[in-house]
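This is data_20.txt. It holds compact mmCIF, C-alpha atoms and all ligand atoms.
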```
# COMPACT_ATOMS: atom_id res chain seq x y z
CA MET A 92 92.33 38.02 119.70
CA ASP A 93 91.94 41.53 118.34
CA VAL A 94 93.67 42.28 115.12
CA VAL A 95 95.01 45.79 114.98
CA TYR A 96 94.26 47.27 111.61
CA ASP A 97 97.20 49.41 110.68
CA LYS A 98 95.85 51.75 108.04
CA GLY A 99 99.21 53.36 107.40
CA ARG A 100 100.85 50.02 106.65
CA CYS A 101 98.01 48.83 104.41
CA LYS A 102 98.30 52.04 102.46
CA ALA A 103 101.94 51.39 101.78
CA LEU A 104 101.11 47.99 100.26
CA THR A 105 98.40 49.07 97.87
CA THR A 106 99.05 51.51 95.09
CA PRO A 107 96.13 51.96 92.71
CA THR A 108 97.01 52.43 89.06
CA HIS A 109 93.81 54.29 88.17
CA LEU A 110 91.58 56.87 89.81
CA ILE A 111 87.89 56.04 89.72
CA PHE A 112 85.63 58.54 87.98
CA ASP A 113 82.03 58.69 89.23
CA SER A 114 80.05 58.61 86.00
CA ASN A 115 76.74 59.49 87.70
CA LEU A 116 78.15 62.71 89.10
CA GLY A 117 79.99 63.33 85.85
CA ARG A 118 76.68 63.33 84.00
CA LYS A 119 75.27 66.04 86.28
CA LYS A 120 78.28 68.27 85.81
CA PRO A 121 77.47 71.16 83.49
CA GLU A 122 79.17 71.33 80.11
CA THR A 123 81.53 74.22 79.42
CA ILE A 124 79.99 77.32 80.91
CA ILE A 125 80.09 80.14 78.43
CA LYS A 126 80.70 83.49 80.03
CA ARG A 127 77.34 85.17 80.52
CA GLU A 128 76.45 87.68 83.19
CA ASN A 129 74.88 85.97 86.24
CA SER A 130 75.44 82.47 84.88
CA CYS A 131 78.93 82.00 86.33
CA PRO A 132 78.72 79.98 89.56
CA PHE A 133 82.01 81.47 90.81
CA CYS A 134 80.73 85.04 90.39
CA ASP A 135 77.65 84.22 92.44
CA ARG A 136 79.60 84.58 95.69
CA GLU A 137 76.59 84.69 98.01
CA HIS A 138 75.64 81.13 97.10
CA LEU A 139 79.06 79.54 97.38
CA GLN A 140 79.02 76.64 99.84
CA ASP A 141 81.56 74.62 101.79
CA ILE A 142 84.17 77.37 101.96
CA ILE A 143 87.45 76.13 103.44
CA ALA A 144 89.57 79.29 103.41
CA GLU A 145 89.27 82.84 102.18
CA LYS A 146 91.70 85.72 101.64
CA GLY A 147 90.79 88.95 99.87
CA SER A 148 89.05 87.96 96.64
CA MET A 149 90.42 84.37 96.79
CA ILE A 150 88.23 81.52 98.03
CA LEU A 151 89.09 77.86 98.53
CA LEU A 152 86.03 75.61 98.66
CA LYS A 153 84.92 72.03 98.18
CA ASN A 154 84.24 71.10 94.56
CA LYS A 155 80.48 70.87 93.98
CA PHE A 156 80.97 67.97 91.55
CA PRO A 157 83.53 65.68 93.17
CA VAL A 158 83.68 63.18 90.30
CA LEU A 159 86.72 61.33 91.62
CA GLN A 160 86.30 58.58 94.16
CA GLU A 161 88.68 58.27 97.13
CA ALA A 162 89.64 61.92 96.74
CA PHE A 163 88.99 65.27 98.37
CA GLN A 164 88.44 67.78 95.59
CA THR A 165 88.71 71.51 96.12
CA VAL A 166 88.50 74.56 93.90
CA LEU A 167 90.48 77.75 94.41
CA ILE A 168 88.57 80.71 92.98
CA GLU A 169 91.46 83.04 92.25
CA THR A 170 89.73 86.39 91.83
CA ASP A 171 86.33 88.07 91.62
CA GLU A 172 87.10 89.18 88.06
CA CYS A 173 85.50 86.65 85.74
CA ASN A 174 87.42 87.63 82.61
CA SER A 175 90.87 87.89 84.14
CA ASP A 176 93.68 85.33 84.00
CA LEU A 177 96.90 84.58 85.82
CA SER A 178 98.80 85.86 82.77
CA ILE A 179 97.55 89.40 83.50
CA TYR A 180 97.06 89.55 87.29
CA PRO A 181 98.61 92.60 88.98
CA LYS A 182 101.87 91.53 90.67
CA ALA A 183 100.54 91.97 94.22
CA HIS A 184 97.62 89.66 93.48
CA LEU A 185 99.82 87.13 91.70
CA TYR A 186 102.11 86.84 94.73
CA GLN A 187 99.20 86.57 97.17
CA LEU A 188 97.63 83.87 95.04
CA LEU A 189 100.77 81.76 94.83
CA GLN A 190 101.27 82.11 98.58
CA PHE A 191 97.65 81.22 99.36
CA GLY A 192 97.55 78.31 96.92
CA ILE A 193 100.85 76.79 98.02
CA GLU A 194 99.99 77.17 101.73
CA ASN A 195 96.69 75.34 101.32
CA TRP A 196 98.24 72.69 99.10
CA MET A 197 101.01 72.08 101.67
CA GLN A 198 98.46 71.94 104.47
CA MET A 199 96.59 69.16 102.68
CA MET A 200 99.87 67.37 102.00
CA GLU A 201 100.59 67.35 105.73
CA ASN A 202 97.26 65.65 106.43
CA LYS A 203 98.00 61.99 107.08
CA GLU A 204 94.66 60.92 105.59
CA TYR A 205 96.00 61.62 102.13
CA ARG A 206 98.62 59.76 100.17
CA SER A 207 99.34 62.60 97.75
CA VAL A 208 97.87 65.95 96.72
CA CYS A 209 97.94 67.51 93.28
CA PHE A 210 97.48 71.16 92.44
CA PHE A 211 96.83 72.37 88.89
CA ARG A 212 95.17 75.00 86.79
CA ASN A 213 93.41 74.97 83.43
CA TYR A 214 93.00 77.88 81.05
CA GLY A 215 91.27 77.86 77.69
CA PRO A 216 89.12 75.45 75.68
CA LEU A 217 91.83 72.79 75.14
CA SER A 218 92.97 72.72 78.78
CA GLY A 219 90.29 70.39 80.15
CA GLY A 220 88.47 73.02 82.19
CA THR A 221 84.70 73.46 82.28
CA ILE A 222 84.31 76.84 83.99
CA ALA A 223 85.98 79.90 82.48
CA HIS A 224 86.22 81.92 85.70
CA PRO A 225 89.90 81.89 86.79
CA HIS A 226 90.41 79.04 89.23
CA SER A 227 92.75 76.23 90.15
CA GLN A 228 92.13 72.86 91.74
CA ILE A 229 93.75 71.15 94.69
CA ILE A 230 92.86 67.46 94.86
CA ALA A 231 93.94 65.18 97.69
CA PHE A 232 94.07 61.45 96.95
CA LYS A 233 93.42 58.95 99.72
CA GLU A 234 95.28 56.09 98.06
CA TYR A 235 96.70 57.33 94.80
CA ASP A 236 100.29 58.52 94.62
CA TYR A 237 100.74 60.90 91.70
CA LEU A 238 104.52 60.90 92.18
CA LYS A 239 104.69 57.29 90.99
CA GLN A 240 104.24 58.63 87.46
CA ILE A 241 106.82 61.40 87.83
CA ASN A 242 110.50 61.18 86.91
CA LYS A 243 113.41 63.52 87.50
CA SER A 244 113.79 63.87 83.72
CA ASP A 245 110.31 65.44 83.52
CA PHE A 246 111.87 68.64 84.84
CA THR A 247 115.23 68.71 83.12
CA GLY A 248 115.72 70.95 80.15
CA LEU A 249 117.40 73.77 78.39
CA THR A 250 117.89 76.57 80.92
CA ILE A 251 116.18 79.76 79.82
CA GLU A 252 117.04 81.85 82.87
CA ARG A 253 117.94 81.66 86.53
CA ARG A 254 117.08 84.21 89.20
CA LYS A 255 118.00 83.81 92.85
CA GLY A 256 116.93 80.28 93.81
CA VAL A 257 114.67 79.79 90.81
CA GLU A 258 115.30 78.08 87.48
CA LEU A 259 113.23 78.39 84.31
CA ASN A 260 113.79 75.78 81.62
CA ILE A 261 112.12 74.11 78.64
CA SER A 262 111.92 70.32 78.76
CA THR A 263 114.32 68.27 76.66
CA LYS A 264 112.43 65.15 77.79
CA PRO A 265 108.80 66.34 77.88
CA ARG A 266 106.26 64.06 79.57
CA VAL A 267 103.75 64.15 76.73
CA GLY A 268 105.44 66.13 74.09
CA PHE A 269 106.36 69.34 72.42
CA TYR A 270 106.80 72.38 74.64
CA GLU A 271 106.81 72.00 78.42
CA PHE A 272 108.20 74.82 80.56
CA ASN A 273 109.42 74.11 84.08
CA VAL A 274 109.88 76.59 86.92
CA ILE A 275 111.84 75.12 89.79
CA LEU A 276 111.74 76.74 93.21
CA GLU A 277 114.61 75.75 95.47
CA GLU A 278 113.50 77.70 98.51
CA MET A 279 110.09 78.98 99.59
CA LYS A 280 111.43 82.43 100.31
CA GLU A 281 112.01 83.10 96.61
CA LEU A 282 108.33 83.06 95.78
CA GLN A 283 108.36 86.32 93.82
CA PRO A 284 110.75 85.40 90.98
CA PHE A 285 108.99 81.99 90.89
CA ALA A 286 105.60 83.68 90.44
CA ASP A 287 107.04 86.14 87.90
CA TYR A 288 108.33 83.30 85.70
CA ILE A 289 105.01 81.45 85.84
CA GLN A 290 103.15 84.57 84.78
CA MET A 291 105.62 85.42 82.02
CA ILE A 292 105.39 81.94 80.50
CA ALA A 293 101.56 81.93 80.67
CA HIS A 294 101.58 85.32 78.93
CA PHE A 295 104.17 84.17 76.40
CA ILE A 296 102.08 81.12 75.48
CA LEU A 297 98.94 83.17 74.92
CA HIS A 298 100.49 86.15 73.13
CA HIS A 299 103.91 85.54 71.64
CA PHE A 300 104.27 81.79 71.15
CA ILE A 301 105.52 80.32 67.86
CA TYR A 302 102.09 78.76 67.29
CA ARG A 303 98.73 80.34 67.92
CA CYS A 304 97.64 78.99 71.29
CA ASN A 305 94.62 79.77 73.47
CA SER A 306 94.98 77.13 76.19
CA TYR A 307 97.51 76.11 78.79
CA ASN A 308 97.83 74.14 82.01
CA LEU A 309 99.86 74.69 85.14
CA PHE A 310 100.84 71.66 87.18
CA PHE A 311 102.45 71.89 90.60
CA TYR A 312 104.65 69.10 91.93
CA TYR A 313 106.33 68.62 95.24
CA TYR A 314 109.34 66.63 94.10
CA ASP A 315 112.74 66.12 95.65
CA HIS A 316 111.93 68.69 98.39
CA LYS A 317 111.30 71.34 95.76
CA ILE A 318 108.20 73.00 94.42
CA ILE A 319 108.10 72.68 90.66
CA VAL A 320 105.56 74.06 88.22
CA LYS A 321 105.17 72.73 84.73
CA ILE A 322 103.46 75.06 82.25
CA VAL A 323 102.15 73.37 79.14
CA PRO A 324 100.67 75.07 76.08
CA ARG A 325 97.80 72.83 74.97
CA PHE A 326 97.00 71.65 71.50
CA VAL A 327 95.17 68.53 70.36
CA THR A 328 97.05 65.59 71.89
CA SER A 329 99.15 63.57 69.46
CA PRO A 330 97.77 60.11 68.54
CA LEU A 331 101.26 58.66 69.08
CA PHE A 332 100.91 59.60 72.73
CA ILE A 333 97.29 58.47 73.08
CA GLY A 334 97.88 55.10 71.46
CA TYR A 335 101.46 54.28 72.33
CA SER A 336 102.56 56.68 75.13
CA ILE A 337 105.31 57.99 72.84
CA PRO A 338 106.39 61.50 73.85
CA GLN A 339 107.88 63.81 71.22
CA VAL A 340 110.45 66.56 71.55
CA PRO A 341 110.63 69.29 68.90
CA ASN A 342 113.95 70.27 67.33
CA ASN A 343 113.43 74.02 67.71
CA LEU A 344 113.66 74.46 71.50
CA GLU A 345 116.50 76.96 71.05
CA GLU A 346 114.30 79.06 68.82
CA VAL A 347 111.58 79.15 71.51
CA VAL A 348 114.13 80.16 74.16
CA HIS A 349 115.41 82.91 71.90
CA LEU A 350 111.89 84.17 71.18
CA PHE A 351 111.03 84.24 74.88
CA LYS A 352 114.20 86.18 75.74
CA SER A 353 113.54 88.71 72.98
CA LYS A 354 110.06 89.43 74.38
CA TYR A 355 110.68 89.38 78.13
CA ARG A 356 113.89 91.29 78.76
ZN ZN A 401 82.74 84.30 87.01
```
Output the structure of this file as structure tokens.
Amino acid sequence: MDVVYDKGRCKALTTPTHLIFDSNLGRKKPETIIKRENSCPFCDREHLQDIIAEKGSMILLKNKFPVLQEAFQTVLIETDECNSDLSIYPKAHLYQLLQFGIENWMQMMENKEYRSVCFFRNYGPLSGGTIAHPHSQIIAFKEYDYLKQINKSDFTGLTIERRKGVELNISTKPRVGFYEFNVILEEMKELQPFADYIQMIAHFILHHFIYRCNSYNLFFYYYDHKIIVKIVPRFVTSPLFIGYSIPQVPNNLEEVVHLFKSKYR
């Protein structure tokens, strides 16, 4: 008798707790690439391979060093300007980028081969990135469900501002600790205020924050039928979190909200 192998059902039963990192590929991956003319692989556009989608100066392609097993790793090269950053993109480019990134992320989410898809961005030496050229990553997991680690409280906080269907807040229950900004998009059609908030917070972190900060991350989540972005200024991670998973919340959130409002009004 033939046994019908129901992949969908098997998937539902197994939920891996860890992603597997390919240490052989990891070894081949170049260390932090310091900005030097001609040395940036994302500036060398003629030699880019495995391009998935392209729009203006934006290119989505397969990651050349796919260090994660059971995953489809892509890189979104955001611009042809090596020294730029999301915090200073012209508005038209910012909106196009968010649209292009979210569309491709959603498209991967719709693919039944994947259990979940994460979309994030690193900037600066403490953000975990290896290439300085402005880019984000969209990674589809075959078995892993990133939402298992996400709670509603990760996105609740002190409201900083609200515009149309978009809320900007600062976490009162941060995932890891300290300052985590959340931008919550209720409806896709309000992409512009959503993009504006993301850019303002990235700029705020790098130029007007209460501590000197040169690194941040953006994390996109599709949670509760909403698109949410968490923007996290990065410092050295607290040992209490590394060793004990204890998150910390600072007692000066109001001060940060006040500072932000004084600079961006
Ligand atoms: Zn470059």
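Residues of protein or nucleic acid lying within 6 Å of ligand ZN 401 (chain A), counting all atoms listed in the file, are Cys131, Phe133, Cys134, Cys173 and His224 of chain A.
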Counting only C-alpha atoms, which residues of segment 162-220 of chain A fall within 12 Å of segment 106-122 of chain A, and what is the closest atom pair for each with its distance in Å at one decimal, ordered by chain and rising number, as a tab-separated table?
```
residue	atom	partner	partner_atom	distance
A:Ala162	CA	A:Leu110	CA	8.8
A:Arg206	CA	A:Thr106	CA	9.7
A:Ser207	CA	A:Thr106	CA	11.4
A:Pro216	CA	A:Glu122	CA	11.6
A:Gly219	CA	A:Glu122	CA	11.2
A:Gly220	CA	A:Glu122	CA	9.7
```
All residues 10 Å or closer to Tyr313 of chain A, only C-alpha atoms, same chain fewer than 6 positions away omitted, as a list in words | Trp196, Met197, Met200, Ser207, Val208, Cys209, Phe210, Leu238, Leu276, Ile319 and Val320 of chain A
Local residues around (111.8, 72.1, 99.6), at most 10 Å away, using only C-alpha atoms, as a short mmCIF file (atom, residue, chain, number, x, y, z; two decimals) with C-alpha atoms, in the coordinates of the input:
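Output file out_12.cif follows:
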```cif
data_model
loop_
_atom_site.label_atom_id
_atom_site.label_comp_id
_atom_site.auth_asym_id
_atom_site.auth_seq_id
_atom_site.Cartn_x
_atom_site.Cartn_y
_atom_site.Cartn_z
CA LEU A 276 111.74 76.74 93.21
CA GLU A 277 114.61 75.75 95.47
CA GLU A 278 113.50 77.70 98.51
CA MET A 279 110.09 78.98 99.59
CA TYR A 313 106.33 68.62 95.24
CA TYR A 314 109.34 66.63 94.10
CA ASP A 315 112.74 66.12 95.65
CA HIS A 316 111.93 68.69 98.39
CA LYS A 317 111.30 71.34 95.76
CA ILE A 318 108.20 73.00 94.42
CA ILE A 319 108.10 72.68 90.66
#
```
Could you tell me how far atom CA of Glu161 of chain A lies from atom CA of Tyr235 of chain A, in Å and to one decimal?
-> 8.4 Å
re atom CA of Pro338 of chain A and atom CA of Arg266 of chain A: distance 6.3 Å
Supply segment 228-251 of chain A as a PDB file, in the coordinates of the input, with N, CA, C and O atoms built in where the input has gaps.
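In the end it all went to selection17.pdb:
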```pdb
ATOM      1  N   GLN A 228      92.692  73.964  90.968  1.00  0.00           N
ATOM      2  CA  GLN A 228      92.130  72.860  91.740  1.00  0.00           C
ATOM      3  C   GLN A 228      93.214  72.234  92.598  1.00  0.00           C
ATOM      4  O   GLN A 228      94.340  72.059  92.135  1.00  0.00           O
ATOM      5  N   ILE A 229      92.852  71.915  93.813  1.00  0.00           N
ATOM      6  CA  ILE A 229      93.750  71.150  94.690  1.00  0.00           C
ATOM      7  C   ILE A 229      92.986  69.871  95.017  1.00  0.00           C
ATOM      8  O   ILE A 229      91.879  69.924  95.555  1.00  0.00           O
ATOM      9  N   ILE A 230      93.551  68.733  94.645  1.00  0.00           N
ATOM     10  CA  ILE A 230      92.860  67.460  94.860  1.00  0.00           C
ATOM     11  C   ILE A 230      93.748  66.518  95.677  1.00  0.00           C
ATOM     12  O   ILE A 230      94.878  66.219  95.284  1.00  0.00           O
ATOM     13  N   ALA A 231      93.205  66.102  96.819  1.00  0.00           N
ATOM     14  CA  ALA A 231      93.940  65.180  97.690  1.00  0.00           C
ATOM     15  C   ALA A 231      93.458  63.757  97.421  1.00  0.00           C
ATOM     16  O   ALA A 231      92.260  63.502  97.388  1.00  0.00           O
ATOM     17  N   PHE A 232      94.408  62.851  97.211  1.00  0.00           N
ATOM     18  CA  PHE A 232      94.070  61.450  96.950  1.00  0.00           C
ATOM     19  C   PHE A 232      94.283  60.614  98.209  1.00  0.00           C
ATOM     20  O   PHE A 232      95.340  60.703  98.834  1.00  0.00           O
ATOM     21  N   LYS A 233      93.287  59.781  98.520  1.00  0.00           N
ATOM     22  CA  LYS A 233      93.420  58.950  99.720  1.00  0.00           C
ATOM     23  C   LYS A 233      94.428  57.823  99.497  1.00  0.00           C
ATOM     24  O   LYS A 233      95.214  57.503 100.379  1.00  0.00           O
ATOM     25  N   GLU A 234      94.399  57.225  98.331  1.00  0.00           N
ATOM     26  CA  GLU A 234      95.280  56.090  98.060  1.00  0.00           C
ATOM     27  C   GLU A 234      96.272  56.326  96.923  1.00  0.00           C
ATOM     28  O   GLU A 234      97.327  55.710  96.880  1.00  0.00           O
ATOM     29  N   TYR A 235      95.902  57.162  96.014  1.00  0.00           N
ATOM     30  CA  TYR A 235      96.700  57.330  94.800  1.00  0.00           C
ATOM     31  C   TYR A 235      97.948  58.175  95.065  1.00  0.00           C
ATOM     32  O   TYR A 235      97.899  59.167  95.773  1.00  0.00           O
ATOM     33  N   ASP A 236      99.063  57.761  94.485  1.00  0.00           N
ATOM     34  CA  ASP A 236     100.290  58.520  94.620  1.00  0.00           C
ATOM     35  C   ASP A 236     100.703  59.055  93.252  1.00  0.00           C
ATOM     36  O   ASP A 236     101.244  58.317  92.435  1.00  0.00           O
ATOM     37  N   TYR A 237     100.443  60.349  93.028  1.00  0.00           N
ATOM     38  CA  TYR A 237     100.740  60.900  91.700  1.00  0.00           C
ATOM     39  C   TYR A 237     102.234  60.871  91.379  1.00  0.00           C
ATOM     40  O   TYR A 237     102.643  60.848  90.217  1.00  0.00           O
ATOM     41  N   LEU A 238     103.075  60.862  92.412  1.00  0.00           N
ATOM     42  CA  LEU A 238     104.520  60.900  92.180  1.00  0.00           C
ATOM     43  C   LEU A 238     105.063  59.622  91.556  1.00  0.00           C
ATOM     44  O   LEU A 238     106.157  59.615  91.011  1.00  0.00           O
ATOM     45  N   LYS A 239     104.257  58.544  91.615  1.00  0.00           N
ATOM     46  CA  LYS A 239     104.690  57.290  90.990  1.00  0.00           C
ATOM     47  C   LYS A 239     104.893  57.453  89.477  1.00  0.00           C
ATOM     48  O   LYS A 239     105.638  56.723  88.859  1.00  0.00           O
ATOM     49  N   GLN A 240     104.171  58.417  88.910  1.00  0.00           N
ATOM     50  CA  GLN A 240     104.240  58.630  87.460  1.00  0.00           C
ATOM     51  C   GLN A 240     105.251  59.716  87.073  1.00  0.00           C
ATOM     52  O   GLN A 240     105.334  60.082  85.924  1.00  0.00           O
ATOM     53  N   ILE A 241     105.949  60.256  88.081  1.00  0.00           N
ATOM     54  CA  ILE A 241     106.820  61.400  87.830  1.00  0.00           C
ATOM     55  C   ILE A 241     108.288  60.970  87.885  1.00  0.00           C
ATOM     56  O   ILE A 241     108.691  60.220  88.770  1.00  0.00           O
ATOM     57  N   ASN A 242     109.067  61.459  86.938  1.00  0.00           N
ATOM     58  CA  ASN A 242     110.500  61.180  86.910  1.00  0.00           C
ATOM     59  C   ASN A 242     111.295  62.483  86.953  1.00  0.00           C
ATOM     60  O   ASN A 242     110.803  63.518  86.509  1.00  0.00           O
ATOM     61  N   LYS A 243     112.522  62.356  87.430  1.00  0.00           N
ATOM     62  CA  LYS A 243     113.410  63.520  87.500  1.00  0.00           C
ATOM     63  C   LYS A 243     113.541  64.175  86.117  1.00  0.00           C
ATOM     64  O   LYS A 243     113.585  65.396  85.984  1.00  0.00           O
ATOM     65  N   SER A 244     113.601  63.348  85.086  1.00  0.00           N
ATOM     66  CA  SER A 244     113.790  63.870  83.720  1.00  0.00           C
ATOM     67  C   SER A 244     112.620  64.722  83.231  1.00  0.00           C
ATOM     68  O   SER A 244     112.756  65.466  82.265  1.00  0.00           O
ATOM     69  N   ASP A 245     111.464  64.612  83.917  1.00  0.00           N
ATOM     70  CA  ASP A 245     110.310  65.440  83.520  1.00  0.00           C
ATOM     71  C   ASP A 245     110.612  66.928  83.681  1.00  0.00           C
ATOM     72  O   ASP A 245     109.934  67.764  83.095  1.00  0.00           O
ATOM     73  N   PHE A 246     111.597  67.236  84.524  1.00  0.00           N
ATOM     74  CA  PHE A 246     111.870  68.640  84.840  1.00  0.00           C
ATOM     75  C   PHE A 246     113.227  69.121  84.346  1.00  0.00           C
ATOM     76  O   PHE A 246     113.647  70.226  84.646  1.00  0.00           O
ATOM     77  N   THR A 247     113.934  68.274  83.630  1.00  0.00           N
ATOM     78  CA  THR A 247     115.230  68.710  83.120  1.00  0.00           C
ATOM     79  C   THR A 247     115.030  69.338  81.748  1.00  0.00           C
ATOM     80  O   THR A 247     114.135  68.956  80.997  1.00  0.00           O
ATOM     81  N   GLY A 248     115.870  70.306  81.449  1.00  0.00           N
ATOM     82  CA  GLY A 248     115.720  70.950  80.150  1.00  0.00           C
ATOM     83  C   GLY A 248     116.768  71.990  79.875  1.00  0.00           C
ATOM     84  O   GLY A 248     117.747  72.130  80.623  1.00  0.00           O
ATOM     85  N   LEU A 249     116.531  72.694  78.811  1.00  0.00           N
ATOM     86  CA  LEU A 249     117.400  73.770  78.390  1.00  0.00           C
ATOM     87  C   LEU A 249     117.112  74.974  79.291  1.00  0.00           C
ATOM     88  O   LEU A 249     115.970  75.435  79.339  1.00  0.00           O
ATOM     89  N   THR A 250     118.133  75.451  80.012  1.00  0.00           N
ATOM     90  CA  THR A 250     117.890  76.570  80.920  1.00  0.00           C
ATOM     91  C   THR A 250     117.611  77.847  80.121  1.00  0.00           C
ATOM     92  O   THR A 250     118.353  78.184  79.205  1.00  0.00           O
ATOM     93  N   ILE A 251     116.515  78.494  80.470  1.00  0.00           N
ATOM     94  CA  ILE A 251     116.180  79.760  79.820  1.00  0.00           C
ATOM     95  C   ILE A 251     116.768  80.900  80.644  1.00  0.00           C
ATOM     96  O   ILE A 251     117.413  81.792  80.134  1.00  0.00           O
TER      97      ILE A 251
END
```
